[in-house]
file upload.cif (mmCIF, C-alpha atoms; chains and numbers go by the auth columns)
data_structure
#
loop_
_atom_site.group_PDB
_atom_site.id
_atom_site.type_symbol
_atom_site.label_atom_id
_atom_site.label_comp_id
_atom_site.label_asym_id
_atom_site.label_seq_id
_atom_site.Cartn_x
_atom_site.Cartn_y
_atom_site.Cartn_z
_atom_site.B_iso_or_equiv
_atom_site.auth_seq_id
_atom_site.auth_asym_id
ATOM 1 C CA MET A 1 55.886 42.420 -207.615 0.00 1 W
ATOM 2 C CA ASN A 2 57.913 40.207 -209.921 0.00 2 W
ATOM 3 C CA ILE A 3 56.972 36.569 -209.451 0.00 3 W
ATOM 4 C CA GLU A 4 60.275 35.284 -210.903 0.00 4 W
ATOM 5 C CA THR A 5 62.545 37.247 -208.572 0.00 5 W
ATOM 6 C CA ASP A 6 60.164 36.809 -205.642 0.00 6 W
ATOM 7 C CA LEU A 7 60.129 33.046 -206.194 0.00 7 W
ATOM 8 C CA PHE A 8 63.725 32.375 -207.283 0.00 8 W
ATOM 9 C CA GLY A 9 65.710 35.503 -206.351 0.00 9 W
ATOM 10 C CA GLU A 10 67.922 37.610 -208.585 0.00 10 W
ATOM 11 C CA VAL A 11 69.551 36.005 -211.616 0.00 11 W
ATOM 12 C CA ILE A 12 73.189 35.336 -210.805 0.00 12 W
ATOM 13 C CA PHE A 13 74.305 34.273 -214.279 0.00 13 W
ATOM 14 C CA ALA A 14 72.630 33.816 -217.652 0.00 14 W
ATOM 15 C CA TYR A 15 74.122 32.297 -220.785 0.00 15 W
ATOM 16 C CA THR A 16 72.053 33.113 -223.843 0.00 16 W
ATOM 17 C CA ARG A 17 71.640 31.163 -227.054 0.00 17 W
ATOM 18 C CA ALA A 18 73.224 34.088 -228.910 0.00 18 W
ATOM 19 C CA GLN A 19 76.277 33.856 -226.635 0.00 19 W
ATOM 20 C CA ALA A 20 76.488 30.083 -227.188 0.00 20 W
ATOM 21 C CA ILE A 21 76.456 30.650 -230.959 0.00 21 W
ATOM 22 C CA GLU A 22 79.034 33.440 -230.673 0.00 22 W
ATOM 23 C CA ASP A 23 81.255 31.213 -228.482 0.00 23 W
ATOM 24 C CA GLY A 24 80.922 28.283 -230.893 0.00 24 W
ATOM 25 C CA GLU A 25 79.134 26.002 -228.428 0.00 25 W
ATOM 26 C CA LEU A 26 76.168 26.017 -230.822 0.00 26 W
ATOM 27 C CA VAL A 27 76.402 26.256 -234.611 0.00 27 W
ATOM 28 C CA ASP A 28 73.586 28.154 -236.304 0.00 28 W
ATOM 29 C CA VAL A 29 72.354 26.106 -239.277 0.00 29 W
ATOM 30 C CA SER A 30 69.180 28.122 -239.857 0.00 30 W
ATOM 31 C CA LEU A 31 69.954 28.991 -243.479 0.00 31 W
ATOM 32 C CA MET A 32 70.157 25.355 -244.600 0.00 32 W
ATOM 33 C CA ALA A 33 67.308 24.442 -242.224 0.00 33 W
ATOM 34 C CA LYS A 34 65.071 26.955 -243.972 0.00 34 W
ATOM 35 C CA LYS A 35 65.879 25.310 -247.314 0.00 35 W
ATOM 36 C CA SER A 36 64.865 21.941 -245.884 0.00 36 W
ATOM 37 C CA GLY A 37 61.502 23.211 -244.636 0.00 37 W
ATOM 38 C CA PHE A 38 62.040 24.654 -241.155 0.00 38 W
ATOM 39 C CA LYS A 39 60.430 27.998 -240.382 0.00 39 W
ATOM 40 C CA ILE A 40 62.231 28.704 -237.105 0.00 40 W
ATOM 41 C CA PRO A 41 65.931 29.006 -236.209 0.00 41 W
ATOM 42 C CA VAL A 42 67.885 25.757 -235.879 0.00 42 W
ATOM 43 C CA ALA A 43 71.271 25.161 -234.264 0.00 43 W
ATOM 44 C CA VAL A 44 73.365 22.063 -233.569 0.00 44 W
ATOM 45 C CA THR A 45 75.679 21.489 -230.654 0.00 45 W
ATOM 46 C CA ARG A 46 79.413 21.709 -231.253 0.00 46 W
ATOM 47 C CA THR A 47 79.694 17.947 -230.650 0.00 47 W
ATOM 48 C CA VAL A 48 77.119 17.105 -233.339 0.00 48 W
ATOM 49 C CA TRP A 49 78.822 19.525 -235.719 0.00 49 W
ATOM 50 C CA ASP A 50 82.314 18.149 -235.133 0.00 50 W
ATOM 51 C CA GLN A 51 81.389 14.453 -235.204 0.00 51 W
ATOM 52 C CA TYR A 52 78.614 14.246 -237.799 0.00 52 W
ATOM 53 C CA ILE A 53 78.524 17.365 -239.980 0.00 53 W
ATOM 54 C CA GLU A 54 82.002 18.882 -240.353 0.00 54 W
ATOM 55 C CA TRP A 55 83.969 17.344 -243.231 0.00 55 W
ATOM 56 C CA THR A 56 87.145 18.598 -244.854 0.00 56 W
ATOM 57 C CA GLU A 57 89.161 17.622 -247.905 0.00 57 W
ATOM 58 C CA ALA A 58 91.564 15.878 -245.521 0.00 58 W
ATOM 59 C CA ASP A 59 88.644 13.799 -244.213 0.00 59 W
ATOM 60 C CA SER A 60 87.752 12.868 -247.808 0.00 60 W
ATOM 61 C CA ASP A 61 91.371 11.878 -248.461 0.00 61 W
ATOM 62 C CA ARG A 62 91.514 9.699 -245.307 0.00 62 W
ATOM 63 C CA GLN A 63 88.038 8.204 -245.399 0.00 63 W
ATOM 64 C CA THR A 64 85.698 8.735 -248.346 0.00 64 W
ATOM 65 C CA ILE A 65 84.441 11.627 -250.424 0.00 65 W
ATOM 66 C CA GLN A 66 81.749 13.598 -248.624 0.00 66 W
ATOM 67 C CA ASP A 67 80.967 17.234 -248.064 0.00 67 W
ATOM 68 C CA ARG A 68 79.773 19.303 -245.141 0.00 68 W
ATOM 69 C CA SER A 69 76.600 20.600 -246.806 0.00 69 W
ATOM 70 C CA GLY A 70 75.448 17.101 -247.754 0.00 70 W
ATOM 71 C CA ARG A 71 76.045 15.833 -244.245 0.00 71 W
ATOM 72 C CA LEU A 72 74.164 18.793 -242.767 0.00 72 W
ATOM 73 C CA TRP A 73 71.306 18.251 -245.216 0.00 73 W
ATOM 74 C CA ASP A 74 70.981 14.612 -244.101 0.00 74 W
ATOM 75 C CA VAL A 75 70.824 15.578 -240.399 0.00 75 W
ATOM 76 C CA LEU A 76 68.229 18.292 -241.081 0.00 76 W
ATOM 77 C CA TRP A 77 66.114 16.314 -243.541 0.00 77 W
ATOM 78 C CA MET A 78 65.802 13.322 -241.227 0.00 78 W
ATOM 79 C CA LEU A 79 64.743 15.678 -238.434 0.00 79 W
ATOM 80 C CA TYR A 80 62.193 17.294 -240.740 0.00 80 W
ATOM 81 C CA VAL A 81 60.709 13.863 -241.497 0.00 81 W
ATOM 82 C CA ALA A 82 60.674 12.984 -237.773 0.00 82 W
ATOM 83 C CA CYS A 83 58.963 16.301 -236.974 0.00 83 W
ATOM 84 C CA LYS A 84 56.204 15.526 -239.470 0.00 84 W
ATOM 85 C CA ARG A 85 55.549 12.229 -237.654 0.00 85 W
ATOM 86 C CA ASN A 86 55.701 13.787 -234.171 0.00 86 W
ATOM 87 C CA ARG A 87 54.007 17.165 -234.637 0.00 87 W
ATOM 88 C CA ASP A 88 53.040 17.735 -231.010 0.00 88 W
ATOM 89 C CA GLU A 89 56.343 16.772 -229.397 0.00 89 W
ATOM 90 C CA SER A 90 58.935 19.211 -228.079 0.00 90 W
ATOM 91 C CA TYR A 91 61.612 16.477 -227.777 0.00 91 W
ATOM 92 C CA ILE A 92 62.147 14.310 -230.836 0.00 92 W
ATOM 93 C CA HIS A 93 64.582 11.418 -230.973 0.00 93 W
ATOM 94 C CA TYR A 94 65.561 10.376 -234.474 0.00 94 W
ATOM 95 C CA ARG A 95 68.179 8.437 -236.386 0.00 95 W
ATOM 96 C CA VAL A 96 70.352 9.205 -239.360 0.00 96 W
ATOM 97 C CA HIS A 97 73.030 7.272 -241.228 0.00 97 W
ATOM 98 C CA VAL A 98 76.354 9.132 -241.322 0.00 98 W
ATOM 99 C CA ILE A 99 79.964 8.209 -241.831 0.00 99 W
ATOM 100 C CA PRO A 100 81.632 8.946 -238.488 0.00 100 W
ATOM 101 C CA ARG A 101 84.415 11.494 -238.716 0.00 101 W
ATOM 102 C CA ASP A 102 86.971 9.249 -237.080 0.00 102 W
ATOM 103 C CA GLY A 103 89.754 9.103 -239.670 0.00 103 W
ATOM 104 C CA ARG A 104 89.038 5.523 -240.740 0.00 104 W
ATOM 105 C CA SER A 105 85.333 4.723 -241.329 0.00 105 W
ATOM 106 C CA LYS A 106 84.169 4.360 -244.907 0.00 106 W
ATOM 107 C CA SER A 107 80.643 3.090 -244.270 0.00 107 W
ATOM 108 C CA PRO A 108 77.778 4.913 -242.596 0.00 108 W
ATOM 109 C CA ALA A 109 76.691 4.159 -239.060 0.00 109 W
ATOM 110 C CA LEU A 110 73.201 4.680 -237.684 0.00 110 W
ATOM 111 C CA ILE A 111 73.387 7.395 -235.037 0.00 111 W
ATOM 112 C CA ASN A 112 70.790 8.688 -232.605 0.00 112 W
ATOM 113 C CA LEU A 113 70.131 12.394 -232.278 0.00 113 W
ATOM 114 C CA LYS A 114 67.699 14.450 -230.250 0.00 114 W
ATOM 115 C CA SER A 115 66.062 17.744 -231.116 0.00 115 W
ATOM 116 C CA VAL A 116 64.482 20.093 -228.633 0.00 116 W
ATOM 117 C CA ILE A 117 62.138 22.908 -229.491 0.00 117 W
ATOM 118 C CA GLY A 118 62.136 25.572 -226.848 0.00 118 W
ATOM 119 C CA GLY A 119 62.260 29.264 -226.214 0.00 119 W
ATOM 120 C CA GLY A 120 65.083 31.362 -227.587 0.00 120 W
ATOM 121 C CA ASP A 121 66.570 34.424 -225.942 0.00 121 W
ATOM 122 C CA GLU A 122 63.363 36.405 -226.469 0.00 122 W
ATOM 123 C CA GLY A 123 61.008 33.471 -225.900 0.00 123 W
ATOM 124 C CA GLU A 124 60.682 32.763 -229.635 0.00 124 W
ATOM 125 C CA PRO A 125 60.586 29.110 -230.762 0.00 125 W
ATOM 126 C CA VAL A 126 63.975 27.637 -231.693 0.00 126 W
ATOM 127 C CA ILE A 127 65.264 24.121 -232.337 0.00 127 W
ATOM 128 C CA THR A 128 68.507 22.649 -231.033 0.00 128 W
ATOM 129 C CA ILE A 129 69.875 19.354 -232.372 0.00 129 W
ATOM 130 C CA MET A 130 72.119 17.426 -229.992 0.00 130 W
ATOM 131 C CA LEU A 131 73.394 14.009 -229.009 0.00 131 W
ATOM 132 C CA THR A 132 70.976 12.021 -226.871 0.00 132 W
ATOM 133 C CA ASN A 133 73.174 12.499 -223.784 0.00 133 W
ATOM 134 C CA GLU A 134 73.379 16.298 -224.173 0.00 134 W
ATOM 135 C CA ASP A 135 71.051 18.864 -222.609 0.00 135 W
#

call {"tool": "encode", "arguments": {"input": "upload.cif", "output": "structure tokens"}}
result
Amino acid sequence: MNIETDLFGEVIFAYTRAQAIEDGELVDVSLMAKKSGFKIPVAVTRTVWDQYIEWTEADSDRQTIQDRSGRLWDVLWMLYVACKRNRDESYIHYRVHVIPRDGRSKSPALINLKSVIGGGDEGEPVITIMLTNED
């Protein structure tokens, strides 16, 4: 007797976290996350990466001088601080100032992000950082 298949039926389709990272839907930022204090894997959605972390020399030429690692550090560090204040929460909403990657902004905007701690492909704890309207 398997309670999952008895209750829900056979799995028709599964999309794993590893597949999402391989496909580029999630970006694994665990290496930098470890440096900022996280002990479990961390990934960001493609939208968060493209809008608030990615930064090229062309972006610096158009907007202002920044770099990808500094932007990633800011997103991770502010989450780390929020996690310290909300230790028992699996969903954490937090804010960070970033210069939007829109080709024209030169000043930071306050953006809202959400992190979710949940089970990875093997049930291990993992964190995913996303926009507040993403799941």

call {"tool": "closest_residue", "arguments": {"input": "upload.cif", "among": "W:Arg46, W:Arg101, W:Glu54, W:Lys34", "to": "Glu22 (chain W)", "atoms": "only C-alpha atoms"}}
result
W:Arg46

call {"tool": "residues_near_point", "arguments": {"input": "upload.cif", "point": "(64.9, 14.1, -237.2)", "cutoff": "12 Å", "atoms": "all atoms listed in the file", "output": "count of residues only"}}
result
38

call {"tool": "atom_distance", "arguments": {"input": "upload.cif", "atom1": "CA of Asp59 (chain W)", "atom2": "CA of Arg104 (chain W)"}}
result
9.0 Å

call {"tool": "closest_residue", "arguments": {"input": "upload.cif", "among": "W:Leu31, W:Thr56, W:Arg17, W:Asp23", "to": "Gly103 (chain W)", "atoms": "only C-alpha atoms"}}
result
W:Thr56

call {"tool": "atom_distance", "arguments": {"input": "upload.cif", "atom1": "CA of Thr16 (chain W)", "atom2": "CA of Thr132 (chain W)"}}
result
21.3 Å

call {"tool": "resolve_selection", "arguments": {"input": "upload.cif", "expression": "the PyMOL selection byres ((chain W and resi 98) around 7)", "output": "ChimeraX atom specification"}}
result
/W:52,96-97,99-100,108-110

call {"tool": "atom_distance", "arguments": {"input": "upload.cif", "atom1": "CA of Pro41 (chain W)", "atom2": "CA of Pro125 (chain W)"}}
result
7.6 Å

call {"tool": "resolve_selection", "arguments": {"input": "upload.cif", "expression": "the PyMOL selection byres ((chain W and resi 63) around 8)", "output": "number ranges by chain"}}
result
W: 59-62, 64-65, 103-106

call {"tool": "closest_residue", "arguments": {"input": "upload.cif", "among": "W:Asp88, W:Asp50, W:Lys39, W:Glu10", "to": "Glu25 (chain W)", "atoms": "only C-alpha atoms"}}
result
W:Asp50

call {"tool": "decode", "arguments": {"input": "upload.cif", "residues": "chain W", "atoms": "C-alpha atoms", "output": "CSV table (one decimal), in the first residue's frame"}}
result
chain,number,residue,atom,x,y,z
W,1,MET,CA,0.0,0.0,0.0
W,2,ASN,CA,1.4,3.4,-1.0
W,3,ILE,CA,-0.7,6.2,0.5
W,4,GLU,CA,0.4,8.7,-2.1
W,5,THR,CA,-0.6,6.7,-5.1
W,6,ASP,CA,-3.7,5.4,-3.4
W,7,LEU,CA,-4.8,8.9,-2.5
W,8,PHE,CA,-3.7,10.9,-5.6
W,9,GLY,CA,-3.0,8.3,-8.3
W,10,GLU,CA,0.1,7.8,-10.4
W,11,VAL,CA,2.3,10.9,-11.0
W,12,ILE,CA,1.7,12.1,-14.5
W,13,PHE,CA,4.5,14.7,-14.6
W,14,ALA,CA,7.2,15.9,-12.2
W,15,TYR,CA,9.5,18.9,-12.7
W,16,THR,CA,12.4,18.8,-10.3
W,17,ARG,CA,14.4,21.6,-8.8
W,18,ALA,CA,17.5,20.1,-10.6
W,19,GLN,CA,15.7,20.3,-13.9
W,20,ALA,CA,14.6,23.9,-13.2
W,21,ILE,CA,18.2,24.8,-12.5
W,22,GLU,CA,19.4,22.9,-15.6
W,23,ASP,CA,16.7,24.7,-17.8
W,24,GLY,CA,17.6,28.1,-16.4
W,25,GLU,CA,14.3,28.7,-14.7
W,26,LEU,CA,16.1,28.8,-11.4
W,27,VAL,CA,19.7,30.1,-10.9
W,28,ASP,CA,21.7,28.3,-8.2
W,29,VAL,CA,23.4,30.9,-6.0
W,30,SER,CA,24.4,28.5,-3.2
W,31,LEU,CA,28.1,29.3,-3.4
W,32,MET,CA,27.6,33.0,-2.6
W,33,ALA,CA,24.8,32.2,-0.2
W,34,LYS,CA,27.2,30.0,1.8
W,35,LYS,CA,29.6,33.0,2.0
W,36,SER,CA,26.8,35.1,3.4
W,37,GLY,CA,25.9,32.6,6.1
W,38,PHE,CA,23.4,30.2,4.6
W,39,LYS,CA,23.9,26.5,5.3
W,40,ILE,CA,21.5,25.1,2.7
W,41,PRO,CA,21.2,25.5,-1.1
W,42,VAL,CA,19.7,28.8,-2.3
W,43,ALA,CA,18.4,29.6,-5.8
W,44,VAL,CA,16.6,32.6,-7.3
W,45,THR,CA,14.0,32.6,-10.0
W,46,ARG,CA,15.0,33.6,-13.5
W,47,THR,CA,12.9,36.8,-13.2
W,48,VAL,CA,14.7,37.9,-10.0
W,49,TRP,CA,18.1,37.1,-11.6
W,50,ASP,CA,17.3,39.1,-14.8
W,51,GLN,CA,15.8,42.1,-13.1
W,52,TYR,CA,17.7,42.5,-9.9
W,53,ILE,CA,21.0,40.6,-10.0
W,54,GLU,CA,22.3,40.3,-13.6
W,55,TRP,CA,24.5,43.3,-14.5
W,56,THR,CA,26.8,43.7,-17.5
W,57,GLU,CA,29.3,46.2,-18.6
W,58,ALA,CA,26.7,47.5,-21.1
W,59,ASP,CA,24.4,48.1,-18.1
W,60,SER,CA,27.1,50.0,-16.3
W,61,ASP,CA,27.7,52.1,-19.5
W,62,ARG,CA,23.9,52.9,-19.8
W,63,GLN,CA,23.0,53.3,-16.2
W,64,THR,CA,25.6,53.3,-13.4
W,65,ILE,CA,28.6,51.2,-12.4
W,66,GLN,CA,27.5,48.1,-10.6
W,67,ASP,CA,28.5,44.4,-10.7
W,68,ARG,CA,26.6,41.2,-10.5
W,69,SER,CA,28.3,39.8,-7.4
W,70,GLY,CA,27.6,43.0,-5.4
W,71,ARG,CA,23.9,42.9,-6.4
W,72,LEU,CA,23.6,39.2,-5.5
W,73,TRP,CA,25.3,39.9,-2.2
W,74,ASP,CA,22.7,42.6,-1.4
W,75,VAL,CA,19.8,40.3,-2.2
W,76,LEU,CA,21.3,37.4,-0.1
W,77,TRP,CA,22.4,39.6,2.8
W,78,MET,CA,19.1,41.2,3.3
W,79,LEU,CA,17.4,37.8,3.2
W,80,TYR,CA,19.9,36.6,5.8
W,81,VAL,CA,19.0,39.5,8.1
W,82,ALA,CA,15.3,38.8,7.5
W,83,CYS,CA,15.8,35.1,8.3
W,84,LYS,CA,17.4,36.1,11.6
W,85,ARG,CA,14.3,38.1,12.6
W,86,ASN,CA,11.8,35.4,11.4
W,87,ARG,CA,13.5,32.2,12.4
W,88,ASP,CA,10.4,30.0,12.5
W,89,GLU,CA,8.9,31.1,9.2
W,90,SER,CA,9.0,29.2,5.9
W,91,TYR,CA,7.8,32.2,3.9
W,92,ILE,CA,9.7,35.4,4.4
W,93,HIS,CA,8.9,38.7,2.7
W,94,TYR,CA,11.7,41.2,2.7
W,95,ARG,CA,12.9,44.3,1.0
W,96,VAL,CA,16.1,45.4,-0.7
W,97,HIS,CA,17.3,48.5,-2.5
W,98,VAL,CA,18.5,47.8,-6.0
W,99,ILE,CA,18.9,49.8,-9.2
W,100,PRO,CA,16.4,48.3,-11.6
W,101,ARG,CA,18.0,46.9,-14.7
W,102,ASP,CA,15.8,48.9,-17.1
W,103,GLY,CA,18.4,50.8,-19.2
W,104,ARG,CA,17.8,54.2,-17.5
W,105,SER,CA,17.6,54.1,-13.7
W,106,LYS,CA,20.5,55.5,-11.8
W,107,SER,CA,19.1,55.4,-8.3
W,108,PRO,CA,18.0,52.4,-6.3
W,109,ALA,CA,14.4,51.4,-5.8
W,110,LEU,CA,13.0,49.5,-2.8
W,111,ILE,CA,11.8,46.1,-4.1
W,112,ASN,CA,9.9,43.4,-2.4
W,113,LEU,CA,11.1,39.8,-2.5
W,114,LYS,CA,9.9,36.6,-1.0
W,115,SER,CA,11.9,33.5,0.0
W,116,VAL,CA,10.4,30.1,0.6
W,117,ILE,CA,12.1,27.3,2.4
W,118,GLY,CA,10.9,23.9,1.3
W,119,GLY,CA,11.9,20.5,0.4
W,120,GLY,CA,14.3,19.9,-2.5
W,121,ASP,CA,14.3,16.9,-4.9
W,122,GLU,CA,15.2,14.5,-2.1
W,123,GLY,CA,13.2,16.3,0.6
W,124,GLU,CA,16.3,18.2,1.9
W,125,PRO,CA,15.7,21.9,2.9
W,126,VAL,CA,16.3,24.4,0.2
W,127,ILE,CA,15.6,28.1,-0.2
W,128,THR,CA,14.1,29.8,-3.3
W,129,ILE,CA,14.1,33.6,-3.7
W,130,MET,CA,11.3,35.0,-5.9
W,131,LEU,CA,9.1,38.0,-6.7
W,132,THR,CA,6.1,38.3,-4.4
W,133,ASN,CA,3.8,37.3,-7.2
W,134,GLU,CA,5.8,34.1,-8.1
W,135,ASP,CA,5.2,30.6,-6.7
